[in-house]
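Below is one structure, written out as structure tokens, with a few remarks after it.
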Amino acid sequence: MAFTRATGKHRRPSRMHRTTARAVGAAALTTTGVLGTLAAAPALAAEAPAPEETGLTPVITIGDSVAAKIDAQATAQRKAAEHKKAEEAARKKAEEAARKKAAERAKKEREAKERAAREAERRRLNAFVPPISGSYVSTGYKTGGSLWSSGSHTGVDFHAASGTAVHAVGLGTVVQAGWGGAYGNQIVIRMADGLYTQYGHLSSIGVSVGQQVVPGQQIGLSGATGNVTGPHLHFEARTSPDYGSDINPVAYLRKHGVNV
């Protein structure tokens with residue numbers, strides 16, 4: 001007895017029909033040779049089990065040479081990554097070493113500059129200068145005459161017009177600043193070496209008692225105050241701040257490198 005399958009659009013295809021259709025579709029995707037074979041043997045195509053019926057997952061098998069190439073490529077990529085990582089680490093290490101070296105060099109240069117600056121300042125503070133720049137001694141030490149109450153000159157006179165800048169000859173502290181009788185306006189400075197210097201007949205005083213002065217600092221202006229015959233600077237070197245303790249001022253200045 002023959003059976004026929006209804007072709008209505010709402011009738012679900014049978015299991016056999018679905019299986020055959022899939023098999024034929026798969027066969028159509030193969031090479032030309034396989035298509036020819038399936039065309040010549042439709043029964044075999046119809047009987048081929050569908051993947052869904054076997055429950056097995058198709059497996060693609062590759063040759064040993066292809067697998068070896070893949071392994072080699074993976075190994076090469078891993079080595080390249082490791083090499084790049086090592087290069088990056090070496091670069092960072094070199095940069096850090098260079099940075100530290102530059103910082104140490106900068107520190108040493110800075111310290112050397114600071115030492116040089118301190119040494120230069122020390123030399124400057126220990127230096128001596130003439131009380132009036134570009135001048136000369138017009139009256140020497142211990143010159144005799146009736147002009148001086150002691151009978152001789154207790155200091156030296158530097159030639160200077162009134163209003164000429166007068167400088168501290170070295171580092172020291174002002175211990176007197178004001179009127180000094182026959183000396184007129186005067187300044188007395190206790191020097192860093194423990195001796196004293198005196199600047200007399202000033203027309204102007206620019207420092208005060210207790211003030212520290214440095215070599216070459218302007219402390220006043222020359223003039224003709226006190227017992228004088230004309231403007232000049234009277235300069236003394238003393239062992240104390242008072243009159244009568246004078247020593248040779250030219251020898252004192254020359255001892256500290258000032259040629260007068």
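Scheme for the structure tokens: letters A, B, ... for chains in order shown; per-chain residue numbers from 1; ligand numbers from 1 in order shown.
Taking only C-alpha atoms, the non-local environment of Asp157 in chain A within 9 Å (same-chain residues fewer than 6 positions away omitted) comprises Tyr136, Val137, Ser138, Thr139, Gly140, Tyr141, His232, Leu233, His234, Phe235 and Glu236 of chain A.
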Could those residues be written to a file, using C-alpha atoms, as an mmCIF file, in the first residue's frame?
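out24.cif was written with the following content:
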data_model
loop_
_atom_site.group_PDB
_atom_site.id
_atom_site.type_symbol
_atom_site.label_atom_id
_atom_site.label_comp_id
_atom_site.auth_asym_id
_atom_site.auth_seq_id
_atom_site.Cartn_x
_atom_site.Cartn_y
_atom_site.Cartn_z
ATOM 1 C CA TYR A 136 98.179 109.592 48.946
ATOM 2 C CA VAL A 137 99.704 110.487 52.309
ATOM 3 C CA SER A 138 100.246 114.222 52.485
ATOM 4 C CA THR A 139 101.553 114.299 56.092
ATOM 5 C CA GLY A 140 103.392 111.333 57.559
ATOM 6 C CA TYR A 141 103.238 109.592 60.898
ATOM 7 C CA HIS A 232 91.807 116.215 54.334
ATOM 8 C CA LEU A 233 91.326 112.878 56.127
ATOM 9 C CA HIS A 234 93.207 112.223 59.351
ATOM 10 C CA PHE A 235 93.695 108.439 59.765
ATOM 11 C CA GLU A 236 95.084 106.593 62.776
#
Any chance you could tabulate, as a Markdown table, the residues of range 208-236 of chain A at most 10 Å from range 121-132 of chain A with each one's nearest atom pair and distance in Å to one decimal, using only C-alpha atoms, in chain and rising number order?
| residue | atom | partner | partner_atom | distance |
| --- | --- | --- | --- | --- |
| A:Val213 | CA | A:Leu125 | CA | 9.6 |
| A:Val214 | CA | A:Leu125 | CA | 6.3 |
| A:Pro215 | CA | A:Phe128 | CA | 6.0 |
| A:Gly216 | CA | A:Val129 | CA | 6.1 |
| A:Gln217 | CA | A:Pro131 | CA | 9.5 |
| A:Gln218 | CA | A:Pro131 | CA | 9.0 |
| A:Ile219 | CA | A:Pro131 | CA | 9.7 |
| A:Leu221 | CA | A:Ile132 | CA | 9.8 |
| A:Ser222 | CA | A:Ile132 | CA | 9.1 |
| A:Leu233 | CA | A:Ile132 | CA | 8.3 |
| A:His234 | CA | A:Pro131 | CA | 9.9 |
| A:Phe235 | CA | A:Pro131 | CA | 8.0 |
So that I have them on file, write out the residues from the current selection with all heavy atoms, as a JSON list (two decimals), in the first residue's frame.
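part.json written:
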[["chain", "number", "residue", "atom", "x", "y", "z"],
["A", 213, "VAL", "N", 80.74, 97.17, 59.90],
["A", 213, "VAL", "CA", 81.11, 97.64, 58.57],
["A", 213, "VAL", "C", 82.03, 96.63, 57.92],
["A", 213, "VAL", "O", 82.70, 95.83, 58.59],
["A", 213, "VAL", "CB", 81.80, 99.02, 58.65],
["A", 213, "VAL", "CG1", 80.83, 100.08, 59.16],
["A", 213, "VAL", "CG2", 83.04, 98.97, 59.55],
["A", 214, "VAL", "N", 82.07, 96.66, 56.60],
["A", 214, "VAL", "CA", 82.90, 95.73, 55.83],
["A", 214, "VAL", "C", 83.93, 96.52, 55.04],
["A", 214, "VAL", "O", 83.79, 97.74, 54.86],
["A", 214, "VAL", "CB", 82.03, 94.88, 54.88],
["A", 214, "VAL", "CG1", 81.06, 94.01, 55.67],
["A", 214, "VAL", "CG2", 81.28, 95.76, 53.89],
["A", 215, "PRO", "N", 84.98, 95.86, 54.56],
["A", 215, "PRO", "CA", 86.02, 96.56, 53.81],
["A", 215, "PRO", "C", 85.45, 97.32, 52.61],
["A", 215, "PRO", "O", 84.67, 96.78, 51.83],
["A", 215, "PRO", "CB", 86.96, 95.44, 53.35],
["A", 215, "PRO", "CG", 86.73, 94.34, 54.33],
["A", 215, "PRO", "CD", 85.29, 94.43, 54.71],
["A", 216, "GLY", "N", 85.84, 98.58, 52.48],
["A", 216, "GLY", "CA", 85.41, 99.39, 51.35],
["A", 216, "GLY", "C", 84.06, 100.06, 51.53],
["A", 216, "GLY", "O", 83.65, 100.83, 50.65],
["A", 217, "GLN", "N", 83.37, 99.79, 52.64],
["A", 217, "GLN", "CA", 82.07, 100.43, 52.85],
["A", 217, "GLN", "C", 82.25, 101.91, 53.16],
["A", 217, "GLN", "O", 83.09, 102.30, 53.97],
["A", 217, "GLN", "CB", 81.35, 99.75, 54.02],
["A", 217, "GLN", "CG", 79.99, 100.36, 54.34],
["A", 217, "GLN", "CD", 79.28, 99.62, 55.46],
["A", 217, "GLN", "OE1", 79.54, 98.44, 55.70],
["A", 217, "GLN", "NE2", 78.39, 100.31, 56.15],
["A", 218, "GLN", "N", 81.45, 102.74, 52.50],
["A", 218, "GLN", "CA", 81.54, 104.18, 52.77],
["A", 218, "GLN", "C", 80.97, 104.48, 54.15],
["A", 218, "GLN", "O", 79.86, 104.06, 54.48],
["A", 218, "GLN", "CB", 80.76, 104.97, 51.71],
["A", 218, "GLN", "CG", 80.85, 106.48, 51.92],
["A", 218, "GLN", "CD", 80.18, 107.26, 50.81],
["A", 218, "GLN", "OE1", 80.28, 106.89, 49.64],
["A", 218, "GLN", "NE2", 79.51, 108.35, 51.16],
["A", 219, "ILE", "N", 81.74, 105.17, 54.96],
["A", 219, "ILE", "CA", 81.30, 105.49, 56.32],
["A", 219, "ILE", "C", 81.10, 106.99, 56.54],
["A", 219, "ILE", "O", 80.53, 107.41, 57.56],
["A", 219, "ILE", "CB", 82.31, 104.96, 57.35],
["A", 219, "ILE", "CG1", 83.71, 105.52, 57.09],
["A", 219, "ILE", "CG2", 82.35, 103.42, 57.32],
["A", 219, "ILE", "CD1", 84.74, 105.13, 58.15],
["A", 221, "LEU", "N", 82.17, 111.34, 54.80],
["A", 221, "LEU", "CA", 82.78, 112.19, 53.79],
["A", 221, "LEU", "C", 83.88, 113.04, 54.44],
["A", 221, "LEU", "O", 83.75, 113.48, 55.58],
["A", 221, "LEU", "CB", 81.73, 113.12, 53.16],
["A", 221, "LEU", "CG", 80.56, 112.44, 52.44],
["A", 221, "LEU", "CD1", 79.56, 113.49, 51.97],
["A", 221, "LEU", "CD2", 81.05, 111.59, 51.27],
["A", 222, "SER", "N", 84.95, 113.22, 53.71],
["A", 222, "SER", "CA", 86.07, 114.01, 54.23],
["A", 222, "SER", "C", 85.66, 115.49, 54.34],
["A", 222, "SER", "O", 84.72, 115.94, 53.70],
["A", 222, "SER", "CB", 87.29, 113.88, 53.31],
["A", 222, "SER", "OG", 86.98, 114.42, 52.04],
["A", 233, "LEU", "N", 91.74, 113.94, 55.19],
["A", 233, "LEU", "CA", 91.33, 112.88, 56.13],
["A", 233, "LEU", "C", 92.48, 112.56, 57.06],
["A", 233, "LEU", "O", 93.58, 112.22, 56.61],
["A", 233, "LEU", "CB", 90.92, 111.60, 55.37],
["A", 233, "LEU", "CG", 90.68, 110.38, 56.28],
["A", 233, "LEU", "CD1", 89.41, 110.57, 57.12],
["A", 233, "LEU", "CD2", 90.60, 109.09, 55.48],
["A", 234, "HIS", "N", 92.23, 112.67, 58.36],
["A", 234, "HIS", "CA", 93.21, 112.22, 59.35],
["A", 234, "HIS", "C", 92.88, 110.77, 59.68],
["A", 234, "HIS", "O", 91.76, 110.43, 60.07],
["A", 234, "HIS", "CB", 93.13, 113.08, 60.62],
["A", 234, "HIS", "CG", 94.04, 112.62, 61.70],
["A", 234, "HIS", "ND1", 95.38, 112.96, 61.74],
["A", 234, "HIS", "CD2", 93.82, 111.84, 62.81],
["A", 234, "HIS", "CE1", 95.93, 112.42, 62.80],
["A", 234, "HIS", "NE2", 95.01, 111.73, 63.47],
["A", 235, "PHE", "N", 93.90, 109.88, 59.54],
["A", 235, "PHE", "CA", 93.70, 108.44, 59.76],
["A", 235, "PHE", "C", 94.71, 107.93, 60.77],
["A", 235, "PHE", "O", 95.90, 108.21, 60.66],
["A", 235, "PHE", "CB", 93.85, 107.67, 58.45],
["A", 235, "PHE", "CG", 93.75, 106.17, 58.60],
["A", 235, "PHE", "CD1", 92.52, 105.54, 58.75],
["A", 235, "PHE", "CD2", 94.90, 105.39, 58.60],
["A", 235, "PHE", "CE1", 92.45, 104.16, 58.90],
["A", 235, "PHE", "CE2", 94.84, 104.02, 58.74],
["A", 235, "PHE", "CZ", 93.60, 103.39, 58.90]]
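CA of Ser149 in chain A is found 27.2 Å from CA of Val209 in chain A.
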Q) Residues of range 56-241 of chain A in alpha helix (DSSP H) according to DSSP, as a ChimeraX atom specification? A) /A:64-126
Would you mind exporting the chosen residues as an mmCIF file, in the first residue's frame, restricted to C-alpha atoms?
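Below is the file selection_32.cif, written as the result:
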data_model
loop_
_atom_site.group_PDB
_atom_site.id
_atom_site.type_symbol
_atom_site.label_atom_id
_atom_site.label_comp_id
_atom_site.auth_asym_id
_atom_site.auth_seq_id
_atom_site.Cartn_x
_atom_site.Cartn_y
_atom_site.Cartn_z
ATOM 1 C CA ASP A 64 52.423 17.909 12.493
ATOM 2 C CA SER A 65 54.243 20.490 10.334
ATOM 3 C CA VAL A 66 51.464 23.035 10.739
ATOM 4 C CA ALA A 67 51.356 22.460 14.495
ATOM 5 C CA ALA A 68 55.122 22.882 14.671
ATOM 6 C CA LYS A 69 54.869 26.168 12.784
ATOM 7 C CA ILE A 70 52.198 27.428 15.170
ATOM 8 C CA ASP A 71 54.298 26.446 18.195
ATOM 9 C CA ALA A 72 57.347 28.125 16.703
ATOM 10 C CA GLN A 73 55.367 31.275 16.011
ATOM 11 C CA ALA A 74 53.994 31.320 19.563
ATOM 12 C CA THR A 75 57.496 30.798 20.961
ATOM 13 C CA ALA A 76 58.865 33.604 18.776
ATOM 14 C CA GLN A 77 56.094 35.949 19.891
ATOM 15 C CA ARG A 78 56.722 35.093 23.536
ATOM 16 C CA LYS A 79 60.446 35.663 23.168
ATOM 17 C CA ALA A 80 59.819 38.956 21.365
ATOM 18 C CA ALA A 81 57.547 40.102 24.181
ATOM 19 C CA GLU A 82 60.122 39.068 26.792
ATOM 20 C CA HIS A 83 62.872 40.827 24.837
ATOM 21 C CA LYS A 84 60.800 44.003 24.584
ATOM 22 C CA LYS A 85 60.062 43.841 28.293
ATOM 23 C CA ALA A 86 63.760 43.370 29.074
ATOM 24 C CA GLU A 87 64.676 46.293 26.804
ATOM 25 C CA GLU A 88 62.098 48.510 28.513
ATOM 26 C CA ALA A 89 63.428 47.549 31.946
ATOM 27 C CA ALA A 90 67.005 48.224 30.804
ATOM 28 C CA ARG A 91 65.980 51.586 29.365
ATOM 29 C CA LYS A 92 64.268 52.622 32.597
ATOM 30 C CA LYS A 93 67.267 51.464 34.617
ATOM 31 C CA ALA A 94 69.635 53.441 32.400
ATOM 32 C CA GLU A 95 67.432 56.537 32.633
ATOM 33 C CA GLU A 96 67.280 56.255 36.424
ATOM 34 C CA ALA A 97 71.066 55.823 36.622
ATOM 35 C CA ALA A 98 71.558 58.850 34.361
ATOM 36 C CA ARG A 99 69.136 60.887 36.458
ATOM 37 C CA LYS A 100 70.939 59.980 39.676
ATOM 38 C CA LYS A 101 74.309 60.747 38.114
ATOM 39 C CA ALA A 102 73.078 64.126 36.866
ATOM 40 C CA ALA A 103 71.614 64.921 40.303
ATOM 41 C CA GLU A 104 74.894 64.000 42.006
ATOM 42 C CA ARG A 105 76.877 66.078 39.516
ATOM 43 C CA ALA A 106 74.542 69.048 40.012
ATOM 44 C CA LYS A 107 74.844 68.652 43.787
ATOM 45 C CA LYS A 108 78.629 68.598 43.623
ATOM 46 C CA GLU A 109 78.677 71.635 41.334
ATOM 47 C CA ARG A 110 76.308 73.483 43.650
ATOM 48 C CA GLU A 111 78.395 72.620 46.701
ATOM 49 C CA ALA A 112 81.571 73.686 44.874
ATOM 50 C CA LYS A 113 79.965 77.023 43.959
ATOM 51 C CA GLU A 114 78.820 77.526 47.540
ATOM 52 C CA ARG A 115 82.319 76.787 48.854
ATOM 53 C CA ALA A 116 83.824 79.157 46.307
ATOM 54 C CA ALA A 117 81.321 81.860 47.254
ATOM 55 C CA ARG A 118 82.067 81.403 50.965
ATOM 56 C CA GLU A 119 85.783 81.518 50.320
ATOM 57 C CA ALA A 120 85.414 84.639 48.169
ATOM 58 C CA GLU A 121 83.333 86.283 50.896
ATOM 59 C CA ARG A 122 85.873 85.286 53.529
ATOM 60 C CA ARG A 123 88.681 86.808 51.469
ATOM 61 C CA ARG A 124 86.648 89.946 50.878
ATOM 62 C CA LEU A 125 85.902 90.369 54.571
ATOM 63 C CA ASN A 126 89.515 89.748 55.501
#
Q: Using backbone DSSP assignments, extract all strand (DSSP E or B) residues from range 115-151 of chain A; output them as a VMD selection string.
A: chain A and resid 137 to 139 144
Q: Within 6 Å of Ile187 in chain A, counting only C-alpha atoms, which residues show up once you throw out same-chain ones fewer than 3 positions away? Write them as a VMD selection string, please.
A: chain A and resid 176 to 177 198 to 199
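Of the listed residues (A:Ala192, A:Ile205, A:Thr239, A:Ala182), A:Ala182 comes nearest to Trp148 in chain A; the distances count only C-alpha atoms.
CA of Thr173 in chain A lies 18.3 Å from CA of Asp246 in chain A.
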Q | Contacts of Tyr243 in chain A within 12 Å, only C-alpha atoms, excl. fewer than 6 positions in-chain, as a PyMOL selection string | A | chain A and resi 149-150+153-155+180-183+188+196-198+200+236-237
File dump, residues just selected, all heavy atoms, as an mmCIF file, in the first residue's frame:
data_model
loop_
_atom_site.group_PDB
_atom_site.id
_atom_site.type_symbol
_atom_site.label_atom_id
_atom_site.label_comp_id
_atom_site.auth_asym_id
_atom_site.auth_seq_id
_atom_site.Cartn_x
_atom_site.Cartn_y
_atom_site.Cartn_z
ATOM 1 N N SER A 149 99.234 118.967 69.586
ATOM 2 C CA SER A 149 99.435 119.180 71.028
ATOM 3 C C SER A 149 100.458 118.233 71.602
ATOM 4 O O SER A 149 101.138 118.545 72.587
ATOM 5 C CB SER A 149 98.085 119.003 71.759
ATOM 6 O OG SER A 149 97.552 117.707 71.540
ATOM 7 N N SER A 150 100.590 117.063 71.029
ATOM 8 C CA SER A 150 101.565 116.090 71.522
ATOM 9 C C SER A 150 102.968 116.381 70.998
ATOM 10 O O SER A 150 103.935 115.732 71.405
ATOM 11 C CB SER A 150 101.144 114.672 71.101
ATOM 12 O OG SER A 150 101.148 114.553 69.686
ATOM 13 N N HIS A 153 102.736 114.225 64.936
ATOM 14 C CA HIS A 153 101.512 113.740 64.294
ATOM 15 C C HIS A 153 101.236 112.301 64.739
ATOM 16 O O HIS A 153 102.091 111.428 64.593
ATOM 17 C CB HIS A 153 101.693 113.817 62.772
ATOM 18 C CG HIS A 153 100.419 113.801 62.008
ATOM 19 N ND1 HIS A 153 100.371 113.454 60.672
ATOM 20 C CD2 HIS A 153 99.131 114.116 62.351
ATOM 21 C CE1 HIS A 153 99.133 113.555 60.238
ATOM 22 N NE2 HIS A 153 98.368 113.957 61.244
ATOM 23 N N THR A 154 100.043 112.057 65.283
ATOM 24 C CA THR A 154 99.703 110.718 65.795
ATOM 25 C C THR A 154 99.099 109.811 64.729
ATOM 26 O O THR A 154 98.781 108.639 65.008
ATOM 27 C CB THR A 154 98.702 110.834 66.953
ATOM 28 O OG1 THR A 154 97.565 111.587 66.513
ATOM 29 C CG2 THR A 154 99.362 111.532 68.139
ATOM 30 N N GLY A 155 98.942 110.311 63.536
ATOM 31 C CA GLY A 155 98.406 109.500 62.432
ATOM 32 C C GLY A 155 99.006 109.956 61.126
ATOM 33 O O GLY A 155 100.138 110.471 61.091
ATOM 34 N N GLY A 180 84.782 114.838 68.020
ATOM 35 C CA GLY A 180 85.984 114.375 68.700
ATOM 36 C C GLY A 180 86.943 115.482 69.050
ATOM 37 O O GLY A 180 88.173 115.251 69.041
ATOM 38 N N GLY A 181 86.445 116.672 69.366
ATOM 39 C CA GLY A 181 87.326 117.767 69.769
ATOM 40 C C GLY A 181 88.177 118.250 68.608
ATOM 41 O O GLY A 181 87.674 118.633 67.555
ATOM 42 N N ALA A 182 89.504 118.199 68.808
ATOM 43 C CA ALA A 182 90.433 118.659 67.771
ATOM 44 C C ALA A 182 90.298 117.835 66.487
ATOM 45 O O ALA A 182 90.663 118.305 65.393
ATOM 46 C CB ALA A 182 91.861 118.589 68.293
ATOM 47 N N TYR A 183 89.759 116.627 66.604
ATOM 48 C CA TYR A 183 89.583 115.765 65.419
ATOM 49 C C TYR A 183 88.306 116.112 64.637
ATOM 50 O O TYR A 183 88.082 115.557 63.563
ATOM 51 C CB TYR A 183 89.534 114.295 65.822
ATOM 52 C CG TYR A 183 90.852 113.763 66.340
ATOM 53 C CD1 TYR A 183 91.027 113.475 67.689
ATOM 54 C CD2 TYR A 183 91.925 113.548 65.474
ATOM 55 C CE1 TYR A 183 92.231 112.986 68.166
ATOM 56 C CE2 TYR A 183 93.126 113.055 65.942
ATOM 57 C CZ TYR A 183 93.281 112.765 67.286
ATOM 58 O OH TYR A 183 94.496 112.280 67.750
ATOM 59 N N VAL A 188 85.506 105.934 65.051
ATOM 60 C CA VAL A 188 86.490 104.955 65.524
ATOM 61 C C VAL A 188 85.874 103.568 65.350
ATOM 62 O O VAL A 188 84.741 103.315 65.788
ATOM 63 C CB VAL A 188 86.880 105.189 66.995
ATOM 64 C CG1 VAL A 188 87.882 104.124 67.449
ATOM 65 C CG2 VAL A 188 87.483 106.590 67.165
ATOM 66 N N TYR A 196 92.271 99.145 66.380
ATOM 67 C CA TYR A 196 91.276 100.192 66.108
ATOM 68 C C TYR A 196 91.785 101.117 65.019
ATOM 69 O O TYR A 196 92.993 101.353 64.909
ATOM 70 C CB TYR A 196 90.986 101.004 67.377
ATOM 71 C CG TYR A 196 90.355 100.185 68.483
ATOM 72 C CD1 TYR A 196 91.135 99.374 69.310
ATOM 73 C CD2 TYR A 196 88.989 100.221 68.705
ATOM 74 C CE1 TYR A 196 90.559 98.618 70.320
ATOM 75 C CE2 TYR A 196 88.402 99.469 69.720
ATOM 76 C CZ TYR A 196 89.202 98.671 70.520
ATOM 77 O OH TYR A 196 88.617 97.920 71.522
ATOM 78 N N THR A 197 90.859 101.651 64.245
ATOM 79 C CA THR A 197 91.199 102.668 63.252
ATOM 80 C C THR A 197 90.327 103.898 63.495
ATOM 81 O O THR A 197 89.172 103.780 63.911
ATOM 82 C CB THR A 197 90.982 102.155 61.816
ATOM 83 O OG1 THR A 197 89.639 101.652 61.675
ATOM 84 C CG2 THR A 197 91.963 101.057 61.470
ATOM 85 N N GLN A 198 90.914 105.076 63.242
ATOM 86 C CA GLN A 198 90.206 106.338 63.486
ATOM 87 C C GLN A 198 90.238 107.210 62.236
ATOM 88 O O GLN A 198 91.242 107.260 61.523
ATOM 89 C CB GLN A 198 90.854 107.098 64.650
ATOM 90 C CG GLN A 198 90.106 108.355 65.031
ATOM 91 C CD GLN A 198 91.015 109.585 64.980
ATOM 92 O OE1 GLN A 198 92.086 109.565 64.378
ATOM 93 N NE2 GLN A 198 90.572 110.661 65.623
ATOM 94 N N GLY A 200 89.265 111.125 61.065
ATOM 95 C CA GLY A 200 88.947 112.437 61.628
ATOM 96 C C GLY A 200 88.747 113.538 60.598
ATOM 97 O O GLY A 200 89.050 113.361 59.401
ATOM 98 N N GLU A 236 94.209 107.195 61.775
ATOM 99 C CA GLU A 236 95.084 106.593 62.776
ATOM 100 C C GLU A 236 94.817 105.105 62.916
ATOM 101 O O GLU A 236 93.700 104.621 62.649
ATOM 102 C CB GLU A 236 94.864 107.249 64.153
ATOM 103 C CG GLU A 236 95.379 108.661 64.259
ATOM 104 C CD GLU A 236 95.339 109.182 65.696
ATOM 105 O OE1 GLU A 236 95.266 108.342 66.632
ATOM 106 O OE2 GLU A 236 95.375 110.414 65.873
ATOM 107 N N ALA A 237 95.848 104.375 63.399
ATOM 108 C CA ALA A 237 95.707 102.987 63.840
ATOM 109 C C ALA A 237 96.091 102.977 65.310
ATOM 110 O O ALA A 237 97.106 103.576 65.714
ATOM 111 C CB ALA A 237 96.618 102.070 63.034
#
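For Ser152 in chain A, the residues within 10 Å (counting only C-alpha atoms, excluding itself and residues fewer than 6 positions away along the chain) are Gly140, Tyr141, Lys142, Thr143, Gly144, Gly145 and Ser146 of chain A.
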Selection to disk with all heavy atoms, as a PDB file, in the first residue's frame:
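And here's out.pdb as it stands now:
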ATOM      1  N   GLY A 140     103.053 112.644  57.044  1.00  0.00           N
ATOM      2  CA  GLY A 140     103.392 111.333  57.559  1.00  0.00           C
ATOM      3  C   GLY A 140     103.205 111.181  59.052  1.00  0.00           C
ATOM      4  O   GLY A 140     102.955 112.139  59.791  1.00  0.00           O
ATOM      5  N   TYR A 141     103.366 109.933  59.484  1.00  0.00           N
ATOM      6  CA  TYR A 141     103.238 109.592  60.898  1.00  0.00           C
ATOM      7  C   TYR A 141     104.448 110.120  61.665  1.00  0.00           C
ATOM      8  O   TYR A 141     105.584 110.051  61.203  1.00  0.00           O
ATOM      9  CB  TYR A 141     103.129 108.077  61.029  1.00  0.00           C
ATOM     10  CG  TYR A 141     102.993 107.550  62.432  1.00  0.00           C
ATOM     11  CD1 TYR A 141     101.946 107.938  63.250  1.00  0.00           C
ATOM     12  CD2 TYR A 141     103.932 106.633  62.936  1.00  0.00           C
ATOM     13  CE1 TYR A 141     101.827 107.435  64.543  1.00  0.00           C
ATOM     14  CE2 TYR A 141     103.810 106.125  64.214  1.00  0.00           C
ATOM     15  CZ  TYR A 141     102.753 106.530  65.029  1.00  0.00           C
ATOM     16  OH  TYR A 141     102.641 106.027  66.312  1.00  0.00           O
ATOM     17  N   LYS A 142     104.186 110.700  62.844  1.00  0.00           N
ATOM     18  CA  LYS A 142     105.182 111.239  63.778  1.00  0.00           C
ATOM     19  C   LYS A 142     105.877 112.498  63.238  1.00  0.00           C
ATOM     20  O   LYS A 142     106.951 112.881  63.729  1.00  0.00           O
ATOM     21  CB  LYS A 142     106.231 110.183  64.132  1.00  0.00           C
ATOM     22  CG  LYS A 142     105.686 109.028  64.967  1.00  0.00           C
ATOM     23  CD  LYS A 142     105.135 109.507  66.313  1.00  0.00           C
ATOM     24  CE  LYS A 142     104.673 108.356  67.184  1.00  0.00           C
ATOM     25  NZ  LYS A 142     104.113 108.835  68.488  1.00  0.00           N
ATOM     26  N   THR A 143     105.278 113.116  62.256  1.00  0.00           N
ATOM     27  CA  THR A 143     105.816 114.405  61.805  1.00  0.00           C
ATOM     28  C   THR A 143     105.725 115.424  62.946  1.00  0.00           C
ATOM     29  O   THR A 143     104.680 115.537  63.592  1.00  0.00           O
ATOM     30  CB  THR A 143     105.025 114.910  60.587  1.00  0.00           C
ATOM     31  OG1 THR A 143     105.154 113.964  59.527  1.00  0.00           O
ATOM     32  CG2 THR A 143     105.535 116.265  60.127  1.00  0.00           C
ATOM     33  N   GLY A 144     106.821 116.131  63.228  1.00  0.00           N
ATOM     34  CA  GLY A 144     106.833 117.091  64.342  1.00  0.00           C
ATOM     35  C   GLY A 144     106.307 118.459  63.932  1.00  0.00           C
ATOM     36  O   GLY A 144     106.255 118.802  62.745  1.00  0.00           O
ATOM     37  N   GLY A 145     105.888 119.218  64.982  1.00  0.00           N
ATOM     38  CA  GLY A 145     105.436 120.573  64.717  1.00  0.00           C
ATOM     39  C   GLY A 145     104.486 121.055  65.784  1.00  0.00           C
ATOM     40  O   GLY A 145     103.967 120.300  66.603  1.00  0.00           O
ATOM     41  N   SER A 146     104.274 122.374  65.776  1.00  0.00           N
ATOM     42  CA  SER A 146     103.418 122.988  66.788  1.00  0.00           C
ATOM     43  C   SER A 146     101.929 122.807  66.491  1.00  0.00           C
ATOM     44  O   SER A 146     101.078 123.173  67.300  1.00  0.00           O
ATOM     45  CB  SER A 146     103.739 124.493  66.863  1.00  0.00           C
ATOM     46  OG  SER A 146     103.514 125.112  65.592  1.00  0.00           O
TER      47      SER A 146
END
